[in-house]
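A.B. asks: Below is a structure I'd like to ask you about.
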Amino acid sequence: MNDSKAKRPVYGLVLAGGQSRRMGHDKALLDRGGRSQLAFVVKLLDDCVERVFVSTRADQKDEAERRQYGQIVDRYNDLGPVAGILSAMDEHPDVDWLVVACDLPNIDARTILYLLDHRATPKPFVAYASSYDGLPEPLCALYGEGSEAVVREFVREGVICPRKILIRSDTLLLDQPDPNSLDNINTPDDLAGSVLETRP
């Protein structure tokens, strides 16, 4: 690992600020064997990086589950996940960010650690290629040194889709150790067969 990378800590950011419209239920609060999916992802990242924060909207910050963790409240409106990523970069500009969505039921330590193993690259982004279309998976990815300037430039140009940003950038793409690890859940039908369920 080069010196500048070695000196930069890695913080985790769990994206939990979505509105879960298609699910009809807060995805961060889906039950996973007695604990929330949010709690599961926070713990997973906490075992791998120096600090972990939960990204949330202002109207969610007092929700009981999110309140248990260090939060970074969105400072931007109408930017989707990029709002959380840029807000984290504002708050801690001199770290690499491991960004992970909260709605990944199959995410595991191997997937996280394999990503971290490749952070020495000079490229600003490290991401997995989708098992379905080969395109970058931006919501389980490393946003490293130089990524903030890239993201901000795209936002200025009106590009706020994280996947499009990584497609158009110098991104190191990795094959997923488990091709199902980044399958997400968006609708009640997606819950069928997953480890998650709505809480009674």
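Chain labels follow the order of the structure tokens: the first chain is A, the next B, and so on; residue numbering restarts at 1 in every chain, and ligands are counted from 1 in their shown order.
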For region 60-104 of chain A against region 157-171 of chain A, with a cut-off of 8 Å and counting only C-alpha atoms, what is the closest atom pair and its distance in Å to one decimal for every residue that makes the cut, ordered by chain and number, as a tab-separated table?
C.D. replies:
```
residue	atom	partner	partner_atom	distance
A:Leu79	CA	A:Ile160	CA	6.0
A:Gly80	CA	A:Ile160	CA	7.4
A:Pro81	CA	A:Pro162	CA	7.3
A:Val82	CA	A:Ile160	CA	6.4
```
A.B. asks: Let's see if you can do this: from backbone DSSP, list all strand (DSSP E or B) residues in chain A, as a ChimeraX atom specification.
C.D. replies: /A:10-15,31-32,35-36,51-56,71-73,96-101,125-129,136-143,171-174,197
A.B. asks: Mind running region 121-185 of chain A against region 94-97 of chain A at 6 Å and telling me each contacting residue's nearest atom pair with the distance in Å (one decimal), counting only C-alpha atoms, chain and number ascending, as a tab-separated table?
C.D. replies:
```
residue	atom	partner	partner_atom	distance
A:Leu142	CA	A:Trp97	CA	5.7
A:Tyr143	CA	A:Trp97	CA	5.0
A:Gly144	CA	A:Asp96	CA	4.5
```
A.B. asks: Report as a PDB file with C-alpha atoms, in the first residue's frame all protein, DNA and RNA residues lying within 10 Å of Leu13 (chain A), evaluated on only C-alpha atoms, omitting residues in the same chain fewer than 6 positions from it.
C.D. replies:
```pdb
ATOM      1  CA  VAL A  41     -24.679  -3.934   8.483  1.00  0.00           C
ATOM      2  CA  VAL A  42     -23.299  -1.505  11.082  1.00  0.00           C
ATOM      3  CA  LEU A  45     -18.576  -2.699   8.925  1.00  0.00           C
ATOM      4  CA  ARG A  51     -15.416   4.098  12.547  1.00  0.00           C
ATOM      5  CA  VAL A  52     -18.927   3.626  11.204  1.00  0.00           C
ATOM      6  CA  PHE A  53     -21.645   6.199  10.615  1.00  0.00           C
ATOM      7  CA  VAL A  54     -25.246   5.869   9.533  1.00  0.00           C
ATOM      8  CA  SER A  55     -26.327   8.177   6.739  1.00  0.00           C
ATOM      9  CA  GLY A  70     -23.217   7.859  15.047  1.00  0.00           C
ATOM     10  CA  GLN A  71     -25.101   9.620  12.278  1.00  0.00           C
ATOM     11  CA  ILE A  72     -24.262  11.871   9.372  1.00  0.00           C
ATOM     12  CA  GLY A  84     -25.251  10.955   2.039  1.00  0.00           C
ATOM     13  CA  ILE A  85     -21.886  10.357   0.407  1.00  0.00           C
ATOM     14  CA  ALA A  88     -19.912  12.237   4.872  1.00  0.00           C
ATOM     15  CA  TRP A  97     -15.205   5.972   2.740  1.00  0.00           C
ATOM     16  CA  LEU A  98     -16.503   2.423   2.546  1.00  0.00           C
ATOM     17  CA  VAL A  99     -20.079   3.066   1.426  1.00  0.00           C
ATOM     18  CA  VAL A 100     -22.616   0.272   1.863  1.00  0.00           C
ATOM     19  CA  ALA A 101     -26.390   0.350   1.389  1.00  0.00           C
ATOM     20  CA  CYS A 102     -28.411  -1.007   4.285  1.00  0.00           C
ATOM     21  CA  LEU A 139     -23.449   1.153  -3.013  1.00  0.00           C
ATOM     22  CA  CYS A 140     -20.868  -1.318  -1.815  1.00  0.00           C
TER      23      CYS A 140
END
```
A.B. asks: With only C-alpha atoms as the basis for distance, which of A:Asp183, A:Glu63, A:Asp31, A:Asp46 is at the shortest distance from Leu113 (chain A)?
C.D. replies: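 The closest residue to Leu113 (chain A) is A:Asp46.
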A.B. asks: From the DSSP assignment of the backbone, select every residue of region 97-181 of chain A that is alpha helix (DSSP H), and format the answer as JSON, numbers by chain.
C.D. replies: {"A": [109, 110, 111, 112, 113, 114, 115, 116, 147, 148, 149, 150, 151, 152, 153, 154, 155, 156, 162, 163, 164, 165, 166, 167]}
A.B. asks: With C-alpha atoms retained, export the selected residues as a compact mmCIF listing (two decimals), in the first residue's frame.
C.D. replies:
```txt
# COMPACT_ATOMS: atom_id res chain seq x y z
CA ALA A 109 -17.38 -9.95 5.80
CA ARG A 110 -15.60 -11.63 2.90
CA THR A 111 -17.17 -9.19 0.45
CA ILE A 112 -16.16 -6.21 2.59
CA LEU A 113 -12.62 -7.39 3.27
CA TYR A 114 -11.92 -8.23 -0.37
CA LEU A 115 -12.88 -4.69 -1.29
CA LEU A 116 -10.59 -3.28 1.40
CA SER A 147 -13.14 10.72 -5.21
CA GLU A 148 -14.71 13.77 -3.60
CA ALA A 149 -13.61 16.12 -6.37
CA VAL A 150 -14.86 13.68 -8.99
CA VAL A 151 -18.28 13.28 -7.37
CA ARG A 152 -18.70 17.03 -6.93
CA GLU A 153 -17.83 17.70 -10.55
CA PHE A 154 -20.43 15.22 -11.74
CA VAL A 155 -23.06 16.75 -9.44
CA ARG A 156 -22.27 20.18 -10.85
CA PRO A 162 -23.77 6.92 -8.29
CA ARG A 163 -23.56 4.13 -10.88
CA LYS A 164 -23.21 6.60 -13.75
CA ILE A 165 -20.49 8.42 -11.81
CA LEU A 166 -18.47 5.24 -11.38
CA ILE A 167 -19.09 4.13 -14.98
```
A.B. asks: Between CA of Leu135 (chain A) and CA of Thr56 (chain A), what is the spacing in Å?
C.D. replies: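 Between CA of Thr56 (chain A) and CA of Leu135 (chain A) the gap works out to 26.1 Å.
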A.B. asks: Out of A:Glu137, A:Asp90, A:Ala83, A:Leu174, which residue has the shortest atom-to-atom distance to Thr121 (chain A) when counting only C-alpha atoms?
C.D. replies: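 Going through A:Glu137, A:Asp90, A:Ala83, A:Leu174 one by one, the smallest distance to Thr121 (chain A) is for A:Leu174.
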A.B. asks: Could you please determine the separation between CA of Pro179 (chain A) and CA of Ala127 (chain A) in Å, to one decimal place?
C.D. replies: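 Between these atoms lies a distance of 13.5 Å.
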A.B. asks: Tell me which of A:Val10, A:Ala39, A:Val73, A:Leu86 sits closest to Gln60 (chain A), counting only C-alpha atoms.
C.D. replies: A:Val73
A.B. asks: Between CA of Asp47 (chain A) and CA of Arg32 (chain A), what is the spacing in Å?
C.D. replies: 18.3 Å
A.B. asks: Nearest residue to Asp178 (chain A) out of A:Ala120, A:Leu29, A:Ile107, A:Leu38, using only C-alpha atoms?
C.D. replies: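 Nearest to Asp178 (chain A): A:Ile107.
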A.B. asks: Need to verify the contact set: Asp103 (chain A), 7 Å, only C-alpha atoms, exclusion of same-chain residues closer than 3 positions in sequence. Can you return it as a list in words?
C.D. replies: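 Those residues are Lys27, Ala28, Asn184 and Ile185 of chain A.
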